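Engineer: Quick one, work_38.cif (mmCIF, C-alpha atoms and all ligand atoms):
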data_work
loop_
_atom_site.label_atom_id
_atom_site.label_comp_id
_atom_site.auth_asym_id
_atom_site.auth_seq_id
_atom_site.Cartn_x
_atom_site.Cartn_y
_atom_site.Cartn_z
CA MET G 1 26.59 -12.67 0.02
CA ILE G 2 23.37 -14.07 1.47
CA ASP G 3 21.79 -17.43 0.64
CA PRO G 4 18.59 -16.37 -1.22
CA GLU G 5 16.59 -19.46 -0.31
CA ARG G 6 17.34 -19.10 3.39
CA PHE G 7 16.77 -15.34 3.25
CA VAL G 8 13.31 -15.79 1.71
CA ALA G 9 12.32 -18.46 4.26
CA GLU G 10 13.38 -16.20 7.15
CA ALA G 11 11.74 -13.12 5.60
CA ILE G 12 8.46 -15.06 5.31
CA GLU G 13 8.62 -15.93 9.03
CA ARG G 14 9.40 -12.32 9.99
CA LEU G 15 6.55 -11.00 7.83
CA ARG G 16 4.07 -13.39 9.42
CA ALA G 17 5.15 -12.05 12.82
CA ASP G 18 5.05 -8.39 11.72
CA VAL G 19 1.70 -8.58 9.93
CA PRO G 20 -0.95 -10.06 12.22
CA ASP G 21 -3.81 -9.46 9.79
CA LYS G 22 -3.60 -7.88 6.32
CA THR G 23 -1.11 -5.65 4.54
CA LEU G 24 -0.93 -3.42 1.52
CA ILE G 25 2.25 -3.62 -0.59
CA ALA G 26 3.77 -0.55 -2.23
CA ALA G 27 4.71 -1.96 -5.64
CA SER G 28 6.61 0.14 -8.18
CA GLY G 29 7.39 -2.70 -10.59
CA GLY G 30 11.11 -2.39 -9.81
CA ILE G 31 13.24 -5.29 -8.57
CA ASP G 32 13.21 -4.27 -4.90
CA SER G 33 9.48 -3.80 -4.38
CA THR G 34 8.61 -6.73 -6.65
CA ALA G 35 10.82 -9.03 -4.54
CA ALA G 36 9.19 -7.66 -1.37
CA ALA G 37 5.74 -8.16 -2.93
CA LEU G 38 6.35 -11.77 -3.92
CA ILE G 39 7.75 -12.59 -0.47
CA ALA G 40 4.66 -10.97 1.12
CA GLU G 41 2.42 -12.98 -1.18
CA ARG G 42 4.17 -16.20 -0.15
CA ALA G 43 3.93 -15.25 3.53
CA LEU G 44 0.35 -13.98 3.61
CA GLY G 45 -1.44 -15.08 0.43
CA PRO G 46 -4.66 -13.08 -0.09
CA ARG G 47 -3.99 -11.12 3.11
CA ALA G 48 -1.47 -9.12 1.02
CA ARG G 49 -2.55 -6.79 -1.78
CA ALA G 50 -0.19 -4.79 -3.98
CA VAL G 51 -0.87 -1.24 -5.12
CA PHE G 52 0.93 0.15 -8.15
CA VAL G 53 0.64 3.92 -8.39
CA ASP G 54 0.69 5.52 -11.83
CA THR G 55 2.29 8.81 -10.78
CA GLY G 56 2.44 10.27 -14.28
CA LEU G 57 6.22 10.27 -13.69
CA LEU G 58 6.91 6.81 -15.11
CA ARG G 59 8.84 5.79 -18.20
CA ALA G 60 7.28 5.01 -21.56
CA GLY G 61 5.36 1.70 -21.47
CA GLU G 62 6.00 1.13 -17.77
CA VAL G 63 2.37 0.91 -16.60
CA ASP G 64 1.54 -1.77 -19.18
CA ARG G 65 4.70 -3.75 -18.46
CA VAL G 66 4.09 -3.79 -14.70
CA ARG G 67 0.42 -4.64 -15.10
CA ALA G 68 1.27 -7.58 -17.38
CA PHE G 69 3.85 -8.93 -14.92
CA PHE G 70 1.57 -8.69 -11.89
CA ARG G 71 -1.23 -10.40 -13.81
CA SER G 72 1.06 -13.31 -14.60
CA SER G 73 2.44 -13.53 -11.04
CA GLY G 74 -0.83 -14.36 -9.31
CA LEU G 75 -0.39 -11.46 -6.89
CA ALA G 76 -3.56 -9.54 -5.99
CA PHE G 77 -3.01 -5.94 -7.13
CA ASP G 78 -4.61 -2.61 -8.06
CA VAL G 79 -3.31 0.08 -10.40
CA VAL G 80 -4.18 3.55 -9.11
CA ASP G 81 -4.06 6.48 -11.53
CA ALA G 82 -2.83 9.36 -9.35
CA ALA G 83 -1.06 11.52 -11.98
CA ASP G 84 -3.25 14.56 -11.23
CA ARG G 85 -2.36 14.42 -7.54
CA PHE G 86 1.38 14.16 -8.24
CA PHE G 87 1.44 16.96 -10.83
CA ALA G 88 -0.59 19.22 -8.53
CA ALA G 89 1.90 18.55 -5.71
CA LEU G 90 4.93 19.16 -7.96
CA GLU G 91 3.77 21.99 -10.24
CA GLY G 92 6.64 24.47 -10.54
CA VAL G 93 8.70 22.85 -7.73
CA ALA G 94 12.41 23.06 -8.58
CA ASP G 95 14.26 22.12 -5.36
CA PRO G 96 15.40 18.45 -5.46
CA GLU G 97 14.69 17.66 -1.81
CA GLU G 98 11.35 19.43 -1.96
CA LYS G 99 10.42 17.30 -5.00
CA ARG G 100 11.34 14.15 -3.09
CA ARG G 101 9.37 15.21 -0.03
CA ARG G 102 6.28 16.03 -2.10
CA VAL G 103 6.45 12.81 -4.08
CA GLY G 104 6.89 10.85 -0.84
CA ALA G 105 3.93 12.60 0.78
CA ALA G 106 1.72 12.04 -2.29
CA PHE G 107 2.60 8.32 -2.29
CA ILE G 108 1.75 7.99 1.39
CA ARG G 109 -1.61 9.75 0.93
CA VAL G 110 -2.50 7.38 -1.91
CA PHE G 111 -1.44 4.38 0.20
CA GLU G 112 -3.49 5.63 3.17
CA VAL G 113 -6.62 5.74 1.04
CA GLU G 114 -5.92 2.29 -0.39
CA ALA G 115 -5.03 0.86 3.03
CA ASP G 116 -8.36 2.09 4.42
CA ARG G 117 -10.16 0.45 1.53
CA PHE G 118 -8.35 -2.83 2.15
CA GLY G 119 -8.79 -2.56 5.93
CA THR G 120 -5.19 -2.46 7.13
CA ASP G 121 -2.61 -0.07 8.57
CA ARG G 122 0.44 -2.04 7.37
CA LEU G 123 2.44 -1.17 4.27
CA VAL G 124 5.17 -3.45 2.91
CA GLN G 125 7.90 -1.50 1.11
CA GLY G 126 10.96 -2.65 -0.84
CA THR G 127 13.41 -0.34 0.97
CA ILE G 128 16.99 -1.64 0.74
CA ALA G 129 20.11 -0.66 2.68
CA PRO G 130 21.48 2.11 0.38
CA ASP G 131 18.07 3.85 0.48
CA TRP G 132 18.17 4.51 4.20
CA ILE G 133 21.94 4.91 4.42
CA GLU G 134 21.86 7.71 1.82
CA SER G 135 18.73 9.16 3.42
CA GLY G 136 20.79 9.85 6.56
CA GLY G 137 19.64 6.74 8.47
CA GLY G 138 23.15 5.72 9.42
CA SER G 139 25.74 8.02 10.91
CA ARG G 140 26.12 9.89 7.61
CA ASP G 141 24.79 13.09 6.12
CA THR G 142 21.56 13.00 4.13
CA ILE G 143 22.68 12.71 0.50
CA LYS G 144 19.15 12.40 -0.83
CA THR G 145 15.86 11.68 0.81
CA HIS G 146 14.76 8.53 -0.96
CA HIS G 147 11.06 8.90 -1.49
CA ASN G 148 10.29 5.64 0.23
CA VAL G 149 12.23 6.59 3.37
CA GLY G 150 11.86 10.32 3.87
CA GLY G 151 8.26 10.82 2.86
CA LEU G 152 6.39 9.26 5.79
CA PRO G 153 4.62 12.11 7.59
CA ALA G 154 4.64 12.04 11.39
CA ASP G 155 0.84 11.89 11.47
CA SER G 156 0.54 8.90 9.13
CA ARG G 157 -1.39 5.92 10.50
CA LEU G 158 0.56 3.55 8.31
CA ARG G 159 3.14 1.21 9.80
CA VAL G 160 5.86 0.35 7.35
CA VAL G 161 7.25 -3.19 7.07
CA GLU G 162 10.57 -3.55 5.20
CA PRO G 163 11.58 -7.15 4.55
CA LEU G 164 14.64 -6.20 2.44
CA ARG G 165 15.96 -3.45 4.69
CA ASP G 166 19.39 -4.97 5.27
CA LEU G 167 20.10 -6.08 1.69
CA TYR G 168 22.34 -4.46 -0.90
CA LYS G 169 21.39 -4.41 -4.57
CA ASP G 170 23.41 -7.45 -5.63
CA GLU G 171 21.76 -9.43 -2.81
CA VAL G 172 18.26 -8.28 -3.82
CA ARG G 173 19.03 -9.34 -7.37
CA ALA G 174 20.02 -12.81 -6.13
CA VAL G 175 16.73 -12.99 -4.19
CA ALA G 176 14.80 -11.74 -7.26
CA ARG G 177 16.43 -14.42 -9.43
CA HIS G 178 15.50 -17.06 -6.85
CA LEU G 179 11.88 -15.78 -6.92
CA GLY G 180 11.75 -15.96 -10.74
CA ILE G 181 11.41 -12.21 -11.35
CA PRO G 182 12.25 -11.49 -15.02
CA ASP G 183 15.49 -9.69 -15.84
CA PRO G 184 16.81 -9.08 -12.31
CA GLU G 185 19.81 -7.25 -13.80
CA ARG G 186 17.63 -4.51 -15.27
CA GLN G 187 18.49 -0.99 -14.32
CA PRO G 188 17.09 0.67 -11.19
CA PHE G 189 14.67 3.57 -11.57
CA PRO G 190 14.25 6.07 -8.74
CA GLY G 191 10.96 6.22 -6.85
CA PRO G 192 10.38 9.93 -7.59
CA GLY G 193 10.63 8.91 -11.23
CA LEU G 194 10.98 11.48 -13.98
CA ALA G 195 10.44 14.29 -11.43
CA VAL G 196 14.15 13.98 -10.59
CA ARG G 197 15.09 13.64 -14.28
CA VAL G 198 13.76 17.09 -15.07
CA THR G 199 16.11 19.36 -13.17
CA GLY G 200 14.46 22.66 -12.37
CA PRO G 201 10.69 23.11 -12.31
CA VAL G 202 8.42 20.14 -12.92
CA SER G 203 5.60 20.45 -15.46
CA ARG G 204 3.66 17.90 -17.51
CA ASP G 205 5.37 19.16 -20.65
CA ARG G 206 8.90 18.87 -19.28
CA VAL G 207 8.14 15.38 -17.93
CA ARG G 208 6.86 14.37 -21.37
CA ARG G 209 10.14 15.52 -22.93
CA ALA G 210 12.17 13.67 -20.31
CA ARG G 211 10.09 10.53 -21.03
CA VAL G 212 10.84 10.67 -24.75
CA ALA G 213 14.57 11.29 -24.14
CA ASN G 214 14.81 8.47 -21.57
CA ALA G 215 13.16 6.02 -23.98
CA ILE G 216 15.63 6.95 -26.73
CA VAL G 217 18.65 6.50 -24.44
CA GLU G 218 17.34 3.11 -23.27
CA GLU G 219 16.60 1.91 -26.82
CA GLU G 220 19.94 2.98 -28.26
CA ILE G 221 22.02 1.60 -25.39
CA ASP G 222 20.00 -1.66 -25.33
CA ARG G 223 20.70 -1.96 -29.05
CA ALA G 224 24.46 -1.46 -28.52
CA VAL G 225 24.42 -4.01 -25.67
CA ALA G 226 22.53 -6.55 -27.81
CA ALA G 227 25.06 -6.05 -30.62
CA GLY G 228 27.89 -6.79 -28.17
CA ALA G 229 29.39 -3.31 -28.66
CA ILE G 230 29.29 -2.42 -24.93
CA PRO G 231 28.65 -4.18 -21.61
CA ARG G 232 25.27 -3.39 -20.07
CA PRO G 233 25.64 -0.26 -17.93
CA TRP G 234 24.37 -0.25 -14.35
CA GLN G 235 22.13 2.68 -15.27
CA TYR G 236 21.55 4.71 -18.43
CA PHE G 237 19.15 7.58 -18.79
CA ALA G 238 18.53 11.18 -19.86
CA VAL G 239 18.05 14.31 -17.78
CA LEU G 240 16.32 17.48 -18.96
CA LEU G 241 18.40 20.45 -17.77
CA PRO G 242 17.08 23.82 -16.59
CA LEU G 243 18.92 25.60 -19.38
CA ARG G 244 18.08 27.14 -22.71
CA SER G 245 20.39 27.16 -25.66
CA VAL G 246 20.28 28.40 -29.24
CA GLY G 247 19.82 26.01 -32.16
CA VAL G 248 18.67 26.08 -35.78
CA LEU G 249 15.60 24.40 -37.21
CA GLY G 250 15.46 24.76 -40.99
CA ASP G 251 16.04 28.48 -41.53
CA ASN G 252 14.90 29.46 -38.05
CA ARG G 253 16.62 30.14 -34.76
CA VAL G 254 15.23 28.10 -31.85
CA HIS G 255 15.81 28.71 -28.17
CA GLY G 256 15.36 25.19 -26.81
CA GLU G 257 16.17 22.98 -23.87
CA VAL G 258 19.21 20.81 -23.20
CA VAL G 259 19.37 17.09 -22.39
CA SER G 260 22.24 15.38 -20.60
CA VAL G 261 22.86 11.65 -21.13
CA ARG G 262 24.29 9.51 -18.33
CA ALA G 263 25.54 5.91 -18.43
CA VAL G 264 27.40 4.51 -15.42
CA GLU G 265 28.97 1.29 -14.25
CA SER G 266 28.56 0.34 -10.61
CA ILE G 267 28.39 -2.61 -8.22
CA ASP G 268 26.01 -1.31 -5.59
CA ALA G 269 25.19 2.34 -6.53
CA MET G 270 27.30 3.59 -3.63
CA THR G 271 30.04 4.52 -6.11
CA ALA G 272 29.87 4.65 -9.92
CA THR G 273 32.04 5.27 -12.96
CA ALA G 274 30.90 7.17 -16.04
CA MET G 275 31.05 4.83 -19.04
CA ASP G 276 33.13 5.35 -22.12
CA LEU G 277 30.25 5.09 -24.62
CA PRO G 278 31.17 4.74 -28.31
CA ARG G 279 30.94 8.03 -30.19
CA SER G 280 28.54 6.42 -32.70
CA VAL G 281 26.03 5.53 -29.94
CA LEU G 282 26.18 9.07 -28.53
CA ALA G 283 25.77 10.58 -32.01
CA ARG G 284 22.69 8.45 -32.68
CA ILE G 285 21.15 9.44 -29.33
CA ALA G 286 21.82 13.15 -30.01
CA GLU G 287 20.35 12.89 -33.50
CA ARG G 288 17.18 11.14 -32.31
CA VAL G 289 16.60 13.33 -29.24
CA THR G 290 16.89 16.56 -31.23
CA ARG G 291 14.76 15.15 -34.07
CA GLU G 292 12.02 13.47 -31.98
CA LEU G 293 11.87 16.52 -29.68
CA SER G 294 12.46 18.90 -32.54
CA GLY G 295 12.04 22.55 -31.54
CA ASP G 296 11.94 21.60 -27.82
CA VAL G 297 15.47 20.21 -27.32
CA VAL G 298 18.38 21.65 -29.29
CA ARG G 299 21.45 20.23 -27.58
CA VAL G 300 22.56 16.91 -26.05
CA LEU G 301 25.49 16.59 -23.60
CA TYR G 302 27.26 13.54 -22.18
CA ASP G 303 28.00 13.46 -18.44
CA VAL G 304 31.50 12.09 -17.71
CA THR G 305 31.42 12.53 -13.92
CA ASP G 306 31.98 9.61 -11.52
CA LYS G 307 30.21 9.09 -8.17
CA PRO G 308 31.66 10.57 -6.03
CA PRO G 309 31.76 13.50 -6.48
CA ALA G 310 28.48 13.43 -8.48
CA THR G 311 25.57 11.16 -7.53
CA ILE G 312 24.10 8.82 -10.16
CA GLU G 313 20.86 10.78 -10.57
CA TRP G 314 21.20 14.53 -11.01
CA GLU G 315 18.83 15.29 -8.13
P1 LIG E 1 22.21 8.37 -6.36
O1 LIG E 1 21.60 9.29 -7.35
O2 LIG E 1 22.00 8.82 -4.94
O3 LIG E 1 21.38 7.03 -6.50
O4 LIG E 1 23.65 8.06 -6.64
C1 LIG E 1 21.78 5.78 -6.02
C2 LIG E 1 20.81 4.76 -6.59
O5 LIG E 1 19.51 4.94 -6.01
C3 LIG E 1 18.54 5.25 -7.01
N1 LIG E 1 17.64 6.24 -6.41
C4 LIG E 1 16.50 5.92 -5.76
N2 LIG E 1 15.90 4.74 -5.53
N3 LIG E 1 14.15 5.85 -4.36
C5 LIG E 1 14.71 4.72 -4.84
O6 LIG E 1 14.14 3.65 -4.62
C6 LIG E 1 14.68 7.07 -4.55
O7 LIG E 1 14.16 8.08 -4.11
C7 LIG E 1 15.93 7.11 -5.29
N4 LIG E 1 16.75 8.11 -5.65
C8 LIG E 1 17.80 7.56 -6.34
C9 LIG E 1 19.35 5.79 -8.17
O8 LIG E 1 18.65 5.65 -9.40
C10 LIG E 1 20.59 4.93 -8.09
O9 LIG E 1 20.38 3.64 -8.61
#
Before anything else, please render the file you have as structure tokens.
Ligand code: XMP

Structural biologist:
Amino acid sequence: MIDPERFVAEAIERLRADVPDKTLIAASGGIDSTAAALIAERALGPRARAVFVDTGLLRAGEVDRVRAFFRSSGLAFDVVDAADRFFAALEGVADPEEKRRRVGAAFIRVFEVEADRFGTDRLVQGTIAPDWIESGGGSRDTIKTHHNVGGLPADSRLRVVEPLRDLYKDEVRAVARHLGIPDPERQPFPGPGLAVRVTGPVSRDRVRRARVANAIVEEEIDRAVAAGAIPRPWQYFAVLLPLRSVGVLGDNRVHGEVVSVRAVESIDAMTATAMDLPRSVLARIAERVTRELSGDVVRVLYDVTDKPPATIEWE
């Protein structure tokens, strides 16, 4: 385990060497990029500016939460609404790697525009070790192209700076705690967002359903954690499957979609164990998902697969 105070001091020195003038910061509001952003702010002050991209693929309430935190942190930042660009890039795309590539490319294009406006070619990102290891950066196979690693086009003018590149998640959390970031134990959320939580083709409608289902899973599991019924999972979320199934609504037959719920325990996301959630929590999630998405979703499944062989996210 690293010493967070020493790590931050050294990262500040490295950033000052890597960024001669100004830099943009790719800020998603997650622990990794927020830690990178606060370190860049300490290193460079007003020469660093964060950009938070509203991709249209975020969870319920996320834009407001991130905006409120950045306001209170003193970091200079912009929120860019780029949902139209992301949905245009993803419309009808079903292949997981293609989704990741398109999301990555759309992010980079947005950052290029913002970098031009700010007058820099540097981009600080919160990439951590598992991101590039699982993107095939080590001697392994590409498991998934993490959007923040695989998406940089060869012709991009941006030069990426990654102050957390060698850290694992537990180490980033220690750094985040040291920096005063709220709730450093909160669950990770993938950069491609809800695009990889709708398996099969992406559309605004399917993303909306995935957003509602994810919010329900988070609320119900948070409630069970607060009541002391279960330990807090590493990650807990819902995935909209590319399936249709028959259900009944009143006296009518419905042919609706299917949601899978996942809750896993893990130390560093490299391996994970499916959690043994109480039946009552699962029943409440199934009841709410099929009621609040009535007519759209008719069936809720629980995923009991560990990583390996499955990954944590479905795509
Ligand atoms: P998997 O699904 O590969 O995920 O077992 C391992 C961890 O990484 C998160 N994840 C991502 N994080 N960009 C990220 O920053 C991404 O593209 C990405 N894809 C997956 C995932 O949620 C889990 O915590």

Engineer: Pick from G:Pro4, G:Gly256, G:Pro278, G:Gly104: nearest to G:Gly295, with only C-alpha atoms counted?

Structural biologist: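 Closest to G:Gly295, using only C-alpha atoms: G:Gly256.
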
Engineer: Counting all atoms listed in the file, which residues in chain G sit no more than 7 Å from ligand LIG 1 (chain E)? For each one, give the nearest pair of atoms and the distance in Å, sorted by chain then residue number, as CSV.

Structural biologist:
residue,atom,partner,partner_atom,distance
G:Arg100,CA,E:LIG1,O7,6.8
G:Thr127,CA,E:LIG1,O6,6.9
G:Asp131,CA,E:LIG1,C5,6.4
G:Glu134,CA,E:LIG1,O2,6.9
G:Ile143,CA,E:LIG1,O2,6.7
G:Lys144,CA,E:LIG1,O2,6.2
G:Thr145,CA,E:LIG1,O7,6.3
G:His146,CA,E:LIG1,O7,3.2
G:His147,CA,E:LIG1,O7,4.1
G:Asn148,CA,E:LIG1,N3,6.0
G:Pro188,CA,E:LIG1,O9,5.1
G:Phe189,CA,E:LIG1,O8,5.0
G:Pro190,CA,E:LIG1,C4,3.7
G:Gly191,CA,E:LIG1,N3,4.1
G:Pro192,CA,E:LIG1,O7,5.5
G:Gln235,CA,E:LIG1,O9,7.0
G:Ala269,CA,E:LIG1,C1,4.9
G:Met270,CA,E:LIG1,C1,6.4
G:Lys307,CA,E:LIG1,O4,6.8
G:Thr311,CA,E:LIG1,O4,3.8
G:Ile312,CA,E:LIG1,O4,3.6
G:Glu313,CA,E:LIG1,O1,3.6
G:Trp314,CA,E:LIG1,O1,6.4
G:Glu315,CA,E:LIG1,O1,6.7

Engineer: Env of G:Asp54: 6 Å cut, atoms = all atoms listed in the file, seq-sep filter 2 positions within chain, self excluded. Answer as a list of chain:residue names.

Structural biologist: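 Result of the neighbour search: G:Gly56, G:Val80, G:Asp81, G:Ala82.
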
Engineer: Write out as a PDB file with C-alpha atoms, keeping the file's coordinate frame which residues come within 9 Å of stretch 155-171 of chain G when counting only C-alpha atoms, dropping same-chain ones fewer than 2 positions away.

Structural biologist:
ATOM      1  CA  MET G   1      26.590 -12.670   0.020  1.00  0.00           C
ATOM      2  CA  ILE G   2      23.370 -14.070   1.470  1.00  0.00           C
ATOM      3  CA  ASP G   3      21.790 -17.430   0.640  1.00  0.00           C
ATOM      4  CA  PRO G   4      18.590 -16.370  -1.220  1.00  0.00           C
ATOM      5  CA  ALA G  11      11.740 -13.120   5.600  1.00  0.00           C
ATOM      6  CA  ILE G  12       8.460 -15.060   5.310  1.00  0.00           C
ATOM      7  CA  ARG G  14       9.400 -12.320   9.990  1.00  0.00           C
ATOM      8  CA  LEU G  15       6.550 -11.000   7.830  1.00  0.00           C
ATOM      9  CA  ASP G  18       5.050  -8.390  11.720  1.00  0.00           C
ATOM     10  CA  VAL G  19       1.700  -8.580   9.930  1.00  0.00           C
ATOM     11  CA  ASP G  32      13.210  -4.270  -4.900  1.00  0.00           C
ATOM     12  CA  SER G  33       9.480  -3.800  -4.380  1.00  0.00           C
ATOM     13  CA  ALA G  35      10.820  -9.030  -4.540  1.00  0.00           C
ATOM     14  CA  ALA G  36       9.190  -7.660  -1.370  1.00  0.00           C
ATOM     15  CA  ILE G  39       7.750 -12.590  -0.470  1.00  0.00           C
ATOM     16  CA  ALA G  40       4.660 -10.970   1.120  1.00  0.00           C
ATOM     17  CA  ILE G 108       1.750   7.990   1.390  1.00  0.00           C
ATOM     18  CA  ARG G 109      -1.610   9.750   0.930  1.00  0.00           C
ATOM     19  CA  PHE G 111      -1.440   4.380   0.200  1.00  0.00           C
ATOM     20  CA  GLU G 112      -3.490   5.630   3.170  1.00  0.00           C
ATOM     21  CA  ALA G 115      -5.030   0.860   3.030  1.00  0.00           C
ATOM     22  CA  THR G 120      -5.190  -2.460   7.130  1.00  0.00           C
ATOM     23  CA  ASP G 121      -2.610  -0.070   8.570  1.00  0.00           C
ATOM     24  CA  ARG G 122       0.440  -2.040   7.370  1.00  0.00           C
ATOM     25  CA  LEU G 123       2.440  -1.170   4.270  1.00  0.00           C
ATOM     26  CA  VAL G 124       5.170  -3.450   2.910  1.00  0.00           C
ATOM     27  CA  GLN G 125       7.900  -1.500   1.110  1.00  0.00           C
ATOM     28  CA  GLY G 126      10.960  -2.650  -0.840  1.00  0.00           C
ATOM     29  CA  THR G 127      13.410  -0.340   0.970  1.00  0.00           C
ATOM     30  CA  ILE G 128      16.990  -1.640   0.740  1.00  0.00           C
ATOM     31  CA  ALA G 129      20.110  -0.660   2.680  1.00  0.00           C
ATOM     32  CA  PRO G 130      21.480   2.110   0.380  1.00  0.00           C
ATOM     33  CA  ASP G 131      18.070   3.850   0.480  1.00  0.00           C
ATOM     34  CA  TRP G 132      18.170   4.510   4.200  1.00  0.00           C
ATOM     35  CA  LEU G 152       6.390   9.260   5.790  1.00  0.00           C
ATOM     36  CA  PRO G 153       4.620  12.110   7.590  1.00  0.00           C
ATOM     37  CA  ARG G 173      19.030  -9.340  -7.370  1.00  0.00           C
ATOM     38  CA  ALA G 174      20.020 -12.810  -6.130  1.00  0.00           C
ATOM     39  CA  VAL G 175      16.730 -12.990  -4.190  1.00  0.00           C
ATOM     40  CA  ALA G 176      14.800 -11.740  -7.260  1.00  0.00           C
ATOM     41  CA  GLU G 185      19.810  -7.250 -13.800  1.00  0.00           C
ATOM     42  CA  ILE G 267      28.390  -2.610  -8.220  1.00  0.00           C
ATOM     43  CA  ASP G 268      26.010  -1.310  -5.590  1.00  0.00           C
ATOM     44  CA  ALA G 269      25.190   2.340  -6.530  1.00  0.00           C
TER      45      ALA G 269
END

Engineer: Choose the residue, out of G:Lys22, G:Arg65, G:Arg101, G:Arg117, that has the smallest atom-to-atom separation from G:Ala43; count all atoms listed in the file.

Structural biologist: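 Going through G:Lys22, G:Arg65, G:Arg101, G:Arg117 one by one, the smallest distance to G:Ala43 is for G:Lys22.
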
Engineer: Could you work out how far atom CA of G:Ala215 lies from atom CA of G:Asp64, giving the answer in Å with one decimal?

Structural biologist: 14.8 Å

Engineer: Mind giving me the straight-line distance from atom CA of G:Leu179 to atom CA of G:Gly30 in Å, one decimal?

Structural biologist: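 According to the coordinates, atom CA of G:Leu179 and atom CA of G:Gly30 are separated by 13.7 Å.
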
Engineer: Would you mind listing what lies within 12 Å of G:Leu282 as a count of residues only, with all atoms listed in the file counted and same-chain residues fewer than 6 positions away left out?

Structural biologist: 20

Engineer: Would you work out the distance separating atom CA of G:Ala89 from atom CA of G:Thr23, expressed in Å to one decimal?

Structural biologist: 26.5 Å

Engineer: Choose the residue, out of G:Asp306, G:Asp78, G:Asp95, G:Glu13, that has the smallest atom-to-atom separation from G:Val198; count only C-alpha atoms.

Structural biologist: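 Of G:Asp306, G:Asp78, G:Asp95, G:Glu13, the one nearest G:Val198, counting only C-alpha atoms, is G:Asp95.
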
Engineer: Go through G:Pro184, G:Gly193, G:Pro231, G:Gly250 one by one, measure the shortest atom-to-atom distance of each to G:Val264 using all atoms listed in the file, and give the residue with the smallest value.

Structural biologist: G:Pro231
